[in-house]
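Student: My questions will all concern the structure given below.
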Amino acid sequence: MSTVSEHYKSLLSEHYLWMVGLPFEEKVAEQRALIDDILARSPGAATKRGLAIDLGAGPGFQTLALAELEFSPVLAIDTSAALLNQLQTRAAQYQIEAKLADLTDFQNDSDSRRANLIVCMGDTLTYLPSKEAVSTLFAAVARRLSQDGIFIITYRDLTTLLSDTDRFILFAVRKARS
C-alpha cells in the first residue's frame, strides 16, 4: 500500500485541479467567502489578522483566500511538492511560506509562532492514519493557536452518499482564554 505522499506524487497531484470542478480563481473566491463568513460570526476574529496556517494546503485554495483576507504571513503545509509548486506560481504578491511536510509532523515542528487562524479543509483529515493521529493533530493545533485563535476544519462525511454542498460538514472551534 502506498503512502498518501506517494499517491499524490503518482496520481492525484497531476489531476487535482481538474477534480475540483471549478476554475482555480472561483475556488479561491468560494473559500475566501466561506472563511470570511466564519470569521464574521466569530466575535473579535474578523479584525485579528497575522499568521495563518493552512494544513494540507494542496495548490493553495485556502492559502490564497487567507492571504486575500489579509492574513500575513500564511504558512502552507502539504506533502505534495507538485501542488505546493502550483501554489507558489500564484502566490508572488503575498507573504506565503510553502513547507513540504507531513501533516502528522505538525506537532513536531520547530516553528513556535502562534497562529491567529489555522485551517484544515477538504479531505485532509481523512488521510490521517488513525483517530489517535487526529487527536494528536488537534492537540498540536491548540498549542499553536494564539490567544482567541480560531481553528476551522472541514471534511467529507463518508458514511452516506451526499451531493452538492451537503458533502461537507463545517466545524469551527475557537480557543478559549486560559
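Numbering starts fresh at 1 for the residues of each chain in the C-alpha cells, the chains themselves are lettered A, B, ... in the order given, and ligands are numbered from 1 as they appear.
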Near Gln93 (chain A), within 12 Å and counting only C-alpha atoms, which residues show up once chain neighbours fewer than 6 positions away are dropped, as a PyMOL selection string?
Tutor: chain A and resi 64+67-68+70+72-73+87
Student: Emit the selected residues as a short mmCIF file (atom, residue, chain, number, x, y, z; two decimals), in the first residue's frame, including N, CA and C atoms.
Tutor:
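Contents of the output file part.cif:
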```cif
data_model
loop_
_atom_site.label_atom_id
_atom_site.label_comp_id
_atom_site.auth_asym_id
_atom_site.auth_seq_id
_atom_site.Cartn_x
_atom_site.Cartn_y
_atom_site.Cartn_z
N LEU A 64 -4.42 31.05 -0.53
CA LEU A 64 -4.62 32.33 -1.22
C LEU A 64 -5.82 33.08 -0.68
N ALA A 67 -4.60 34.81 2.38
CA ALA A 67 -3.77 35.97 2.02
C ALA A 67 -4.65 37.12 1.52
N GLU A 68 -5.66 36.80 0.72
CA GLU A 68 -6.58 37.84 0.23
C GLU A 68 -7.39 38.46 1.37
N GLU A 70 -6.10 39.17 4.07
CA GLU A 70 -5.06 39.95 4.74
C GLU A 70 -4.40 39.26 5.92
N SER A 72 -1.18 37.45 7.21
CA SER A 72 0.19 37.51 6.73
C SER A 72 1.13 37.34 7.92
N PRO A 73 2.08 36.43 7.77
CA PRO A 73 2.26 35.52 6.65
C PRO A 73 1.25 34.38 6.72
N LEU A 87 0.96 26.27 -6.07
CA LEU A 87 0.64 27.39 -5.17
C LEU A 87 1.66 28.51 -5.35
#
```
Student: Identify, on the basis of only C-alpha atoms, every residue whose closest approach to region 24-29 of chain A does not exceed 7 Å; exclude the query and any residue fewer than 4 positions from it along the same chain; express the result as a list in words.
Tutor: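 So, after excluding close chain neighbours, the residues are Ala33, Phe61, Gln62, Leu64 and Ala65 of chain A.
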Student: Could you check which of A:Ser146, A:Thr104, A:Leu83, A:Asp37 is closest to Ser130 (chain A), using only C-alpha atoms?
Tutor: A:Thr104
Student: Residues of region 4-165 of chain A classed as alpha helix (DSSP H) by DSSP on the backbone are to be reported as an NGL selection string.
Tutor: :A and (4-7 or 13-20 or 24-40 or 61-68 or 81-90 or 131-144)
